[in-house]
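Undergrad: Got a structure for you, written out below as structure tokens; questions coming shortly.
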Amino acid sequence: MPGSDKETDLTERIEAFLSDLKRGGSGTGPLRGSAETARETTALLRRITAQARWSSAGDLMEIIRKEGRRMTAAQPSETTVGNMIRRVLKIIREEYARSRGSSEETDQQESLHKLLTSGGLSEENFRQHFAALKANVIEAINELLTELEGTTDNIAMQALEHIHSNEVIMTIGRSRTVEAFLKDAARKRKFHVIVAECAPFCQGHEMATSLSKAGIETTVITDAAIFAVMSRVNKVIIGTQTVLANGGLRAVNGTHTLALAAKHHSTPLIVCAPMFKLSPQFPNEEDTFHKFVSPHEVLPFTEGEILSKVNVHCPVFDYVPPELITLFISNIGGHAPSYIYRLMSELYHPEDHEL
Amino acid sequence: MTKEEKQRLRKEKKQQKKNKEKKDDNASQESEKEKKSVSSSSSAPQPPTQPATQKGGSSCCSLKNVHDMVQKVTLILIFPVVKRLPEHIQVDNPDVLKKLAKKLERQQIPLRLDYGYKVSLFSHLHQYSRKAPLTQQLSIPSSVIHPAIVRLGLQYSQGIVAGSNARSVALLHAFKQVIRDYTTPPNEELSRDLVNKLKPYISFLNQCRPLSASMGNAIKYIKKEISNIPSQCKEEEAKGKLLNCIECYINEKIILAAKAIAKYAIEKISDGDVILVYGCSSLVNHILCEAFEKNRKFRVIVVDSRPRLEGREALRRLVQRGISCTYVLISAVSYILPEVSKVFLGAHALLANGYVMSRVGTSQIALVAKAFNVPVLVCCETYKFCERVQTDSFVSNELDDPDDLIVTRKGKTQLEDWQQVPLLGLLNLVYDVTPPDFVDLVITDLGMIPCTSVPVVLRVKNVDL
């Protein structure tokens, strides 16, 4: 039967995506960048919308929520998956509200007045059926996909506003966004980049070779020399894995040290992060914040005799508090860390924060 | 005539006598020569007063030593100290390089060539490759350089002997061997000839690896002891005396100092402490082992960094004693620091403005510890105190072999052909300086002092000398 073929095809794709997530996020550096993950997630959600059986917005949201929980459980550290799911849920809510013809009341902030007067709206259960809903939702998801395709370019376009000539810029590890940012600026301006290699994964090496091939004068330093050379650095530009709800970052390990050194020398710290990395999580959730990988990267098995007597830690991420960050550059422009909460309320609905 | 002018004249007369004695002595870069040239170079630019009044200078010869000290102290107080810059931080000056090449040629020591592309910020420093040790350019057996020194030089340049205490002790042992094998040539005095013999050795060792502050102080001490040997002393007696002096120096300044520091430091370690250490400092390891023997209950976190990975050596030593340890890399230090109660750091040298010069990464650890409000204690013997001042890690540092940064992960070596890529540079720093506001306490053999008391200790030591 053609219906069940489509369904099995859909489940197959979802399973393939889940196993990809489980394998890909082994922490030895993303085998795929966050942008690719975001695009794949959104494409998969569009496929679910198109092929799954649902009759009302509420059903669709239930299906997406269920799949979303499975996806985030497969790789908790890959927050872009959860972010995209929340975006799509918000799209569905908006399309539903538009179809119902309700006015464009921006009731994202539940003000005390609204809570008391309009109790009915929050009892909305999205059960009404609208014929055009499917097409609308799919169109909106397509718009989201176009936005995702252009994020890196949008960020890179702002490079010349922030980098002047003969600057010394420091970065850590490897971020495709920062790479594009610097390469774009290098077309018109001459500057010097110092890359901290970010042991034990040493992704800084790849970044440095790529930048030097683009004609930028690059120096690779060890993590231990970050504070030593910071006095000659004019700007620190980094990428991140996630932007948290309070404006803090979850970035590669070593970023907190870099941020502290920049603060000590009053060097501005600029974070290039596209909007899909913004996550409604807060950093206090201890059990899901840190991710550890095999300590053989730190102390290899060749050091046999002492291995059994020693604890070895190899965390992948670092928390950087918002006080150390000067500026966020995203595809919609530049913001201060104190503005992040507002952006988040525009992207996600508060009820979707918990999937 | 004012008191200063009289002193100046006496100084000039002494300088003339010295120039006659050491005519074949070329301008060397050792720090103890800098001290003497301090007073002479500061007096030289002064406008010369009447040369006829040189008679006043002759009366000083009998009370030479006392006047010497008084002049030194007063001159340092009155005139600004102008030190000759050491050669190893003037690599970008072609005249200095030419002078160095000539000096080495005269001493028959090969010149070591720089390797690889140097980052522009550090073009004033040498950068050597470990694969091209100086000994390859020497003829074996070397007639100019004592074999113990050749071996020592090779051990330094290959990193077999590393760490400032180990290097100083190895240097002193090698010098003991040199003194044992030394015979005074006829018509020469031991006190002058031995010092001249040591100069090429020191240049050779400097070429193998730049001398550390502790080694500089040790060499100053030895030279002073040698030149203080009275001329009527017999050779055997003189050699015995010198060997004894060196033994005493090692014993006092290094071994006993370590015991004293351990005694003070153990007072600071309480039960239940979590202590963070960085890299491999022989002194800090000694302290921790002593504390463990005195039955203090604590655990240690060893922080390590690429490319030297010295922390693994410290880890081995501590685990052998039975201390429970954790091991992380320096990029994870802000993850692990909330667990830590104290940070113990070793030092390579303590500078006169209170900055701590130590292995690269130390200042970073102190910075993060300060941000988490964890006390930072630096342990340092007094023989490592240095009169230099420095505010950043650029002007005077050491560049290690840049190829050490290359690593192969998952079968791919990213930086393999970094020499071919024109705009890519690798930087392998060895030292960095920690500002005194990051350091809460310095534990020395004289007691526990704040970082800013270092010049006081130096002054006390100088007057003793």
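By order in the structure tokens, chains are A, B, ...; within a chain, residues start at 1; ligands start at 1, following the order shown.
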Leaving out B:Ile219 and any residue of its chain fewer than 2 positions from it, which residues lie within 9 Å of it when counting only C-alpha atoms, given as a tab-separated table (two decimals) with all heavy atoms, in the first residue's frame?

TA:
```tsv
chain	number	residue	atom	x	y	z
B	30	GLU	N	78.22	37.83	30.02
B	30	GLU	CA	77.76	37.29	31.30
B	30	GLU	C	77.31	38.38	32.23
B	30	GLU	O	77.80	39.48	32.21
B	30	GLU	CB	78.89	36.50	31.98
B	30	GLU	CG	79.07	35.13	31.37
B	30	GLU	CD	80.13	35.14	30.31
B	30	GLU	OE1	79.90	35.74	29.25
B	30	GLU	OE2	81.19	34.57	30.56
B	32	GLU	N	77.73	38.85	35.38
B	32	GLU	CA	78.61	39.40	36.41
B	32	GLU	C	79.52	40.46	35.81
B	32	GLU	O	79.87	41.43	36.47
B	32	GLU	CB	79.44	38.29	37.08
B	32	GLU	CG	80.17	37.34	36.15
B	32	GLU	CD	81.60	37.75	35.92
B	32	GLU	OE1	82.14	38.45	36.78
B	32	GLU	OE2	82.16	37.39	34.89
B	171	LEU	N	74.89	21.53	35.83
B	171	LEU	CA	75.96	22.46	35.47
B	171	LEU	C	77.05	22.46	36.51
B	171	LEU	O	78.26	22.41	36.21
B	171	LEU	CB	75.35	23.86	35.36
B	171	LEU	CG	76.35	24.97	35.07
B	171	LEU	CD1	76.79	24.89	33.64
B	171	LEU	CD2	75.74	26.32	35.34
B	172	LEU	N	76.66	22.49	37.80
B	172	LEU	CA	77.66	22.56	38.85
B	172	LEU	C	78.47	21.27	38.90
B	172	LEU	O	79.69	21.31	39.11
B	172	LEU	CB	76.99	22.85	40.19
B	172	LEU	CG	76.42	24.27	40.27
B	172	LEU	CD1	75.53	24.43	41.47
B	172	LEU	CD2	77.55	25.27	40.35
B	202	ILE	N	80.87	28.35	28.78
B	202	ILE	CA	79.59	29.00	29.03
B	202	ILE	C	78.96	29.45	27.70
B	202	ILE	O	77.74	29.33	27.52
B	202	ILE	CB	79.77	30.17	30.01
B	202	ILE	CG1	80.17	29.62	31.36
B	202	ILE	CG2	78.51	30.98	30.14
B	202	ILE	CD1	80.65	30.64	32.32
B	214	SER	N	68.77	30.82	37.24
B	214	SER	CA	69.45	30.11	38.32
B	214	SER	C	70.87	29.73	37.90
B	214	SER	O	71.81	29.83	38.70
B	214	SER	CB	68.66	28.87	38.71
B	214	SER	OG	68.35	28.13	37.56
B	215	MET	N	71.02	29.31	36.64
B	215	MET	CA	72.36	28.98	36.16
B	215	MET	C	73.24	30.22	36.15
B	215	MET	O	74.42	30.16	36.49
B	215	MET	CB	72.28	28.39	34.75
B	215	MET	CG	71.74	26.99	34.72
B	215	MET	SD	71.19	26.53	33.10
B	215	MET	CE	72.71	26.31	32.27
B	216	GLY	N	72.64	31.36	35.77
B	216	GLY	CA	73.42	32.60	35.76
B	216	GLY	C	73.94	32.93	37.14
B	216	GLY	O	75.11	33.30	37.32
B	217	ASN	N	73.07	32.78	38.15
B	217	ASN	CA	73.52	33.07	39.52
B	217	ASN	C	74.60	32.10	39.96
B	217	ASN	O	75.55	32.49	40.65
B	217	ASN	CB	72.32	32.99	40.48
B	217	ASN	CG	71.39	34.18	40.33
B	217	ASN	OD1	71.78	35.19	39.76
B	217	ASN	ND2	70.19	34.05	40.82
B	221	TYR	N	78.47	33.01	41.08
B	221	TYR	CA	79.06	32.59	42.35
B	221	TYR	C	80.39	31.90	42.13
B	221	TYR	O	81.39	32.19	42.81
B	221	TYR	CB	78.07	31.66	43.06
B	221	TYR	CG	78.59	31.05	44.32
B	221	TYR	CD1	78.67	31.80	45.49
B	221	TYR	CD2	79.02	29.73	44.35
B	221	TYR	CE1	79.16	31.24	46.65
B	221	TYR	CE2	79.51	29.17	45.50
B	221	TYR	CZ	79.58	29.92	46.66
B	221	TYR	OH	80.07	29.36	47.79
B	222	ILE	N	80.43	30.97	41.17
B	222	ILE	CA	81.67	30.23	40.93
B	222	ILE	C	82.78	31.18	40.51
B	222	ILE	O	83.92	31.10	40.99
B	222	ILE	CB	81.46	29.17	39.84
B	222	ILE	CG1	80.55	28.08	40.34
B	222	ILE	CG2	82.78	28.57	39.42
B	222	ILE	CD1	80.36	27.00	39.33
B	223	LYS	N	82.45	32.10	39.60
B	223	LYS	CA	83.49	33.01	39.12
B	223	LYS	C	84.03	33.85	40.26
B	223	LYS	O	85.24	34.12	40.36
B	223	LYS	CB	82.92	33.91	38.03
B	223	LYS	CG	82.80	33.21	36.71
B	223	LYS	CD	82.58	34.20	35.61
B	223	LYS	CE	82.63	33.50	34.29
B	223	LYS	NZ	82.10	34.32	33.22
B	224	LYS	N	83.11	34.25	41.14
B	224	LYS	CA	83.57	35.06	42.27
B	224	LYS	C	84.49	34.24	43.16
B	224	LYS	O	85.54	34.72	43.59
B	224	LYS	CB	82.37	35.56	43.06
B	224	LYS	CG	82.73	36.61	44.09
B	224	LYS	CD	81.51	37.11	44.80
B	224	LYS	CE	81.01	36.13	45.81
B	224	LYS	NZ	81.75	36.08	47.06
```

Undergrad: Using only C-alpha atoms, which residues sit within 8 Å of stretch 223-229 of chain A once same-chain residues fewer than 6 positions away are excluded, as a PyMOL selection string?

TA: (chain A and resi 196-199+254+258+261) or (chain B and resi 305-306+330-331+360-364+392-394+429+432-433)

Undergrad: Specify as number ranges by chain all residues of chain A found within 8 Å of chain B, counting only C-alpha atoms.

TA: A: 198-201, 205-206, 208-209, 212-213, 215-229, 231, 253-257, 260-261, 298, 306, 309-315, 318

Undergrad: From a backbone DSSP assignment, name each residue in stretch 177-349 of chain A labelled alpha helix (DSSP H), as an MDAnalysis selection string.

TA: chainID A and resid 177:186 204:213 226:229 255:264 286:289 304:307 340:347

Undergrad: Within 9 Å of B:Arg130, counting only C-alpha atoms, which residues qualify if same-chain residues fewer than 2 places away don't, as a list in words?

TA: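 Counting only C-alpha atoms, the residues come to Tyr128, Ala132, Pro133, Ser157, Gln158, Gly159, Asp400, Asp401 and Asp403 of chain B.
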
Undergrad: Do you know which residues are at most 10 Å from A:Met230 counting only C-alpha atoms, after dropping those on the same chain fewer than 6 positions away, and could you put them as a list in words?

TA: Val168, Ile169, Met170, Ile194, Val236, Leu258, Ala261, Ala262, His264, His265, Ser266 and Thr267 of chain A; Asp392 and Ser393 of chain B

Undergrad: Could you write those residues out with N, CA, C and O atoms, as a PDB file, in the first residue's frame?

TA:
```
ATOM      1  N   VAL A 168      45.387  42.360  15.221  1.00  0.00           N
ATOM      2  CA  VAL A 168      45.737  41.006  15.612  1.00  0.00           C
ATOM      3  C   VAL A 168      44.503  40.396  16.251  1.00  0.00           C
ATOM      4  O   VAL A 168      43.972  40.923  17.215  1.00  0.00           O
ATOM      5  N   ILE A 169      44.029  39.333  15.650  1.00  0.00           N
ATOM      6  CA  ILE A 169      42.786  38.709  16.105  1.00  0.00           C
ATOM      7  C   ILE A 169      43.116  37.343  16.649  1.00  0.00           C
ATOM      8  O   ILE A 169      43.912  36.613  16.064  1.00  0.00           O
ATOM      9  N   MET A 170      42.512  36.991  17.772  1.00  0.00           N
ATOM     10  CA  MET A 170      42.762  35.655  18.316  1.00  0.00           C
ATOM     11  C   MET A 170      41.503  34.822  18.228  1.00  0.00           C
ATOM     12  O   MET A 170      40.400  35.339  18.413  1.00  0.00           O
ATOM     13  N   ILE A 194      45.855  34.831  15.301  1.00  0.00           N
ATOM     14  CA  ILE A 194      46.524  33.861  16.165  1.00  0.00           C
ATOM     15  C   ILE A 194      45.487  32.801  16.531  1.00  0.00           C
ATOM     16  O   ILE A 194      44.410  33.137  17.023  1.00  0.00           O
ATOM     17  N   VAL A 236      39.190  39.350  20.146  1.00  0.00           N
ATOM     18  CA  VAL A 236      39.050  37.905  20.192  1.00  0.00           C
ATOM     19  C   VAL A 236      37.727  37.563  19.521  1.00  0.00           C
ATOM     20  O   VAL A 236      36.679  38.078  19.903  1.00  0.00           O
ATOM     21  N   LEU A 258      40.191  31.723  27.720  1.00  0.00           N
ATOM     22  CA  LEU A 258      40.391  32.763  26.723  1.00  0.00           C
ATOM     23  C   LEU A 258      39.573  34.002  27.071  1.00  0.00           C
ATOM     24  O   LEU A 258      40.064  35.136  27.003  1.00  0.00           O
ATOM     25  N   ALA A 261      41.148  35.821  30.037  1.00  0.00           N
ATOM     26  CA  ALA A 261      42.346  36.555  29.641  1.00  0.00           C
ATOM     27  C   ALA A 261      41.970  37.820  28.878  1.00  0.00           C
ATOM     28  O   ALA A 261      42.568  38.883  29.076  1.00  0.00           O
ATOM     29  N   ALA A 262      40.947  37.717  28.003  1.00  0.00           N
ATOM     30  CA  ALA A 262      40.514  38.890  27.255  1.00  0.00           C
ATOM     31  C   ALA A 262      39.945  39.948  28.201  1.00  0.00           C
ATOM     32  O   ALA A 262      40.180  41.142  28.038  1.00  0.00           O
ATOM     33  N   HIS A 264      40.802  40.391  31.277  1.00  0.00           N
ATOM     34  CA  HIS A 264      41.890  40.978  32.045  1.00  0.00           C
ATOM     35  C   HIS A 264      42.590  42.068  31.258  1.00  0.00           C
ATOM     36  O   HIS A 264      43.026  43.075  31.821  1.00  0.00           O
ATOM     37  N   HIS A 265      42.729  41.865  29.947  1.00  0.00           N
ATOM     38  CA  HIS A 265      43.391  42.859  29.114  1.00  0.00           C
ATOM     39  C   HIS A 265      42.414  43.819  28.468  1.00  0.00           C
ATOM     40  O   HIS A 265      42.807  44.583  27.592  1.00  0.00           O
ATOM     41  N   SER A 266      41.146  43.751  28.861  1.00  0.00           N
ATOM     42  CA  SER A 266      40.098  44.600  28.279  1.00  0.00           C
ATOM     43  C   SER A 266      40.054  44.488  26.774  1.00  0.00           C
ATOM     44  O   SER A 266      39.933  45.478  26.063  1.00  0.00           O
ATOM     45  N   THR A 267      40.172  43.285  26.280  1.00  0.00           N
ATOM     46  CA  THR A 267      40.071  43.035  24.845  1.00  0.00           C
ATOM     47  C   THR A 267      38.653  42.589  24.547  1.00  0.00           C
ATOM     48  O   THR A 267      38.124  41.733  25.239  1.00  0.00           O
TER      49      THR A 267
ATOM     50  N   ASP B 392      56.096  41.774  30.281  1.00  0.00           N
ATOM     51  CA  ASP B 392      55.327  40.877  29.431  1.00  0.00           C
ATOM     52  C   ASP B 392      56.207  39.719  29.001  1.00  0.00           C
ATOM     53  O   ASP B 392      57.399  39.696  29.273  1.00  0.00           O
ATOM     54  N   SER B 393      55.593  38.765  28.335  1.00  0.00           N
ATOM     55  CA  SER B 393      56.322  37.545  28.004  1.00  0.00           C
ATOM     56  C   SER B 393      57.024  37.643  26.669  1.00  0.00           C
ATOM     57  O   SER B 393      57.454  36.630  26.136  1.00  0.00           O
TER      58      SER B 393
END
```

Undergrad: Quick one: distance from atom CA of B:Lys18 to atom CA of B:Pro200 in Å, one decimal?

TA: 20.5 Å

Undergrad: Enumerate the residues of stretch 161-265 of chain A with a DSSP assignment of strand (DSSP E), computed from the backbone, and present them as an NGL selection string.

TA: :A and (168-172 or 192-196 or 217-221 or 235-238 or 242-243 or 249-252)

Undergrad: Output C-alpha atoms for every residue in that selection, as a PDB file, in the first residue's frame.

TA:
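Output file out-v6.pdb follows:
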```
ATOM      1  CA  VAL A 168      45.737  41.006  15.612  1.00  0.00           C
ATOM      2  CA  ILE A 169      42.786  38.709  16.105  1.00  0.00           C
ATOM      3  CA  MET A 170      42.762  35.655  18.316  1.00  0.00           C
ATOM      4  CA  THR A 171      40.529  32.655  17.967  1.00  0.00           C
ATOM      5  CA  ILE A 172      40.373  29.154  19.385  1.00  0.00           C
ATOM      6  CA  HIS A 192      47.057  38.822  11.562  1.00  0.00           C
ATOM      7  CA  VAL A 193      45.301  35.876  13.198  1.00  0.00           C
ATOM      8  CA  ILE A 194      46.524  33.861  16.165  1.00  0.00           C
ATOM      9  CA  VAL A 195      44.849  30.473  16.562  1.00  0.00           C
ATOM     10  CA  ALA A 196      44.959  28.571  19.842  1.00  0.00           C
ATOM     11  CA  GLU A 217      48.964  35.584   8.153  1.00  0.00           C
ATOM     12  CA  THR A 218      48.349  32.981  10.828  1.00  0.00           C
ATOM     13  CA  THR A 219      50.194  31.783  13.902  1.00  0.00           C
ATOM     14  CA  VAL A 220      49.402  28.630  15.835  1.00  0.00           C
ATOM     15  CA  ILE A 221      49.969  28.765  19.585  1.00  0.00           C
ATOM     16  CA  LYS A 235      40.120  41.386  19.332  1.00  0.00           C
ATOM     17  CA  VAL A 236      39.050  37.905  20.192  1.00  0.00           C
ATOM     18  CA  ILE A 237      36.563  36.340  17.776  1.00  0.00           C
ATOM     19  CA  ILE A 238      35.200  32.915  18.584  1.00  0.00           C
ATOM     20  CA  THR A 242      25.387  26.829  21.807  1.00  0.00           C
ATOM     21  CA  VAL A 243      24.209  30.199  23.040  1.00  0.00           C
ATOM     22  CA  LEU A 249      27.977  30.154  25.967  1.00  0.00           C
ATOM     23  CA  ARG A 250      28.652  26.502  25.788  1.00  0.00           C
ATOM     24  CA  ALA A 251      31.838  26.481  23.739  1.00  0.00           C
ATOM     25  CA  VAL A 252      34.890  24.244  23.296  1.00  0.00           C
TER      26      VAL A 252
END
```

Undergrad: Go through A:Thr42, A:Ser330, A:Asn83, A:Asn246 one by one, measure the shortest atom-to-atom distance of each to A:Ile270 using only C-alpha atoms, and give the residue with the smallest value.

TA: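 Of A:Thr42, A:Ser330, A:Asn83, A:Asn246, the one nearest A:Ile270, counting only C-alpha atoms, is A:Ser330.
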
Undergrad: Residues within 12 Å of B:Lys241, please, as a list of chain:residue names. Count only C-alpha atoms; anything in the same chain fewer than 3 positions from it doesn't count.

TA: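 Contacts, in chain order: B:Lys176, B:Ile179, B:Arg180, B:Ile222, B:Glu225, B:Ile226, B:Asn228, B:Ile229, B:Pro230, B:Cys233, B:Lys234, B:Glu235, B:Glu236, B:Glu237, B:Ala238, B:Asn244, B:Cys245, B:Ile246, B:Glu247, B:Cys248.
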
Undergrad: Show me, as a VMD selection string, the residues that have an atom within 7 Å of B:Arg296 when counting only C-alpha atoms, minus same-chain residues fewer than 3 positions from it.

TA: chain B and resid 270 to 271 291 to 292

Undergrad: One number please: atom CA of A:Thr240 to atom CA of A:His296, in Å, one decimal.

TA: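 So the answer is 24.4 Å.
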
Undergrad: A:Val178: which residues within 10 Å, counting only C-alpha atoms, same-chain residues fewer than 3 positions away excluded, as a list of chain:residue names?

TA: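 After dropping sequence-adjacent residues, the list is A:Thr152, A:Ile155, A:Ala156, A:Ala159, A:Thr171, A:Ile172, A:Arg174, A:Ser175, A:Phe181, A:Leu182, A:Lys183, A:Asp184, A:Met207, A:Ile237, A:Ile238, A:Gly239, A:Thr240, A:Val271, A:Cys272, A:Ala273.
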
Undergrad: Please dump the current selection as a short mmCIF file (atom, residue, chain, number, x, y, z; two decimals), in the first residue's frame; keep all heavy atoms.

TA:
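Resulting contents of out.cif:
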```
data_model
loop_
_atom_site.label_atom_id
_atom_site.label_comp_id
_atom_site.auth_asym_id
_atom_site.auth_seq_id
_atom_site.Cartn_x
_atom_site.Cartn_y
_atom_site.Cartn_z
N THR A 152 25.61 31.65 7.26
CA THR A 152 27.05 31.91 7.27
C THR A 152 27.39 33.12 6.43
O THR A 152 28.21 33.95 6.83
CB THR A 152 27.81 30.68 6.74
OG1 THR A 152 27.23 29.52 7.31
CG2 THR A 152 29.25 30.73 7.14
N ILE A 155 26.46 36.37 8.21
CA ILE A 155 27.42 36.75 9.26
C ILE A 155 28.71 37.26 8.62
O ILE A 155 29.28 38.26 9.06
CB ILE A 155 27.69 35.55 10.18
CG1 ILE A 155 26.42 35.21 10.96
CG2 ILE A 155 28.82 35.85 11.13
CD1 ILE A 155 26.58 34.04 11.88
N ALA A 156 29.16 36.56 7.57
CA ALA A 156 30.43 36.95 6.96
C ALA A 156 30.34 38.34 6.35
O ALA A 156 31.32 39.09 6.32
CB ALA A 156 30.85 35.93 5.91
N ALA A 159 31.64 41.26 8.37
CA ALA A 159 33.02 41.20 8.85
C ALA A 159 33.72 42.54 8.75
O ALA A 159 34.45 42.95 9.65
CB ALA A 159 33.79 40.14 8.08
N THR A 171 41.67 33.55 17.96
CA THR A 171 40.53 32.65 17.97
C THR A 171 40.98 31.31 18.52
O THR A 171 42.17 31.09 18.75
CB THR A 171 39.94 32.51 16.56
OG1 THR A 171 38.79 31.67 16.62
CG2 THR A 171 40.93 31.90 15.61
N ILE A 172 40.04 30.44 18.79
CA ILE A 172 40.37 29.15 19.39
C ILE A 172 39.62 28.06 18.66
O ILE A 172 38.48 28.24 18.25
CB ILE A 172 40.04 29.15 20.90
CG1 ILE A 172 40.52 27.85 21.53
CG2 ILE A 172 38.55 29.32 21.16
CD1 ILE A 172 40.50 27.86 23.03
N ARG A 174 38.20 25.38 15.97
CA ARG A 174 37.75 25.55 14.59
C ARG A 174 36.26 25.82 14.55
O ARG A 174 35.46 25.03 15.03
CB ARG A 174 38.05 24.28 13.80
CG ARG A 174 37.51 24.40 12.42
CD ARG A 174 38.15 23.46 11.48
NE ARG A 174 37.81 23.89 10.14
CZ ARG A 174 37.32 23.10 9.22
NH1 ARG A 174 37.13 21.83 9.51
NH2 ARG A 174 37.05 23.56 8.04
N SER A 175 35.91 26.94 13.93
CA SER A 175 34.50 27.27 13.75
C SER A 175 34.32 27.68 12.31
O SER A 175 35.02 28.58 11.83
CB SER A 175 34.12 28.41 14.68
OG SER A 175 32.91 28.99 14.27
N PHE A 181 33.91 34.30 8.31
CA PHE A 181 33.97 35.69 8.74
C PHE A 181 35.33 36.28 8.42
O PHE A 181 35.47 37.34 7.80
CB PHE A 181 33.70 35.70 10.25
CG PHE A 181 33.46 37.06 10.85
CD1 PHE A 181 32.22 37.65 10.74
CD2 PHE A 181 34.44 37.71 11.54
CE1 PHE A 181 31.97 38.88 11.32
CE2 PHE A 181 34.22 38.93 12.11
CZ PHE A 181 32.97 39.53 12.01
N LEU A 182 36.40 35.58 8.85
CA LEU A 182 37.74 36.11 8.66
C LEU A 182 38.14 36.11 7.19
O LEU A 182 38.79 37.05 6.73
CB LEU A 182 38.73 35.29 9.49
CG LEU A 182 38.56 35.40 10.99
CD1 LEU A 182 39.51 34.45 11.70
CD2 LEU A 182 38.83 36.82 11.46
N LYS A 183 37.74 35.08 6.47
CA LYS A 183 38.12 35.05 5.06
C LYS A 183 37.46 36.19 4.30
O LYS A 183 38.06 36.76 3.39
CB LYS A 183 37.71 33.70 4.45
CG LYS A 183 38.66 32.60 4.79
CD LYS A 183 38.27 31.33 4.09
CE LYS A 183 39.21 30.22 4.49
NZ LYS A 183 38.75 28.91 4.12
N ASP A 184 36.23 36.51 4.68
CA ASP A 184 35.54 37.60 4.00
C ASP A 184 36.26 38.92 4.26
O ASP A 184 36.44 39.73 3.36
CB ASP A 184 34.10 37.66 4.52
CG ASP A 184 33.22 38.46 3.61
OD1 ASP A 184 32.66 37.86 2.67
OD2 ASP A 184 33.12 39.68 3.82
N MET A 207 42.11 24.87 11.26
CA MET A 207 41.68 26.25 11.04
C MET A 207 42.85 27.08 10.52
O MET A 207 42.70 27.87 9.59
CB MET A 207 41.18 26.81 12.38
CG MET A 207 40.80 28.24 12.38
SD MET A 207 39.10 28.40 11.89
CE MET A 207 38.67 29.93 12.65
N ILE A 237 37.79 36.72 18.49
CA ILE A 237 36.56 36.34 17.78
C ILE A 237 36.45 34.83 17.86
O ILE A 237 37.36 34.12 17.46
CB ILE A 237 36.63 36.79 16.31
CG1 ILE A 237 36.82 38.29 16.23
CG2 ILE A 237 35.37 36.38 15.58
CD1 ILE A 237 36.81 38.84 14.84
N ILE A 238 35.35 34.36 18.42
CA ILE A 238 35.20 32.92 18.58
C ILE A 238 33.85 32.45 18.07
O ILE A 238 32.94 33.25 17.88
CB ILE A 238 35.33 32.49 20.06
CG1 ILE A 238 34.31 33.23 20.92
CG2 ILE A 238 36.72 32.71 20.57
CD1 ILE A 238 34.31 32.77 22.35
N GLY A 239 33.75 31.16 17.83
CA GLY A 239 32.47 30.57 17.53
C GLY A 239 32.03 29.82 18.78
O GLY A 239 32.74 29.77 19.77
N THR A 240 30.85 29.24 18.74
CA THR A 240 30.39 28.52 19.91
C THR A 240 29.52 27.36 19.48
O THR A 240 29.06 27.30 18.34
CB THR A 240 29.61 29.46 20.86
OG1 THR A 240 29.06 28.68 21.90
CG2 THR A 240 28.51 30.17 20.13
N VAL A 271 31.45 37.01 19.62
CA VAL A 271 31.00 35.65 19.35
C VAL A 271 30.19 35.65 18.07
O VAL A 271 29.21 36.38 17.95
CB VAL A 271 30.14 35.12 20.52
CG1 VAL A 271 29.70 33.71 20.22
CG2 VAL A 271 30.90 35.19 21.81
N CYS A 272 30.62 34.84 17.10
CA CYS A 272 29.87 34.73 15.85
C CYS A 272 28.98 33.51 15.95
O CYS A 272 29.46 32.39 15.89
CB CYS A 272 30.82 34.53 14.67
SG CYS A 272 31.79 35.97 14.32
N ALA A 273 27.68 33.72 16.13
CA ALA A 273 26.78 32.58 16.31
C ALA A 273 25.51 32.83 15.54
O ALA A 273 24.84 33.84 15.77
CB ALA A 273 26.48 32.39 17.79
#
```
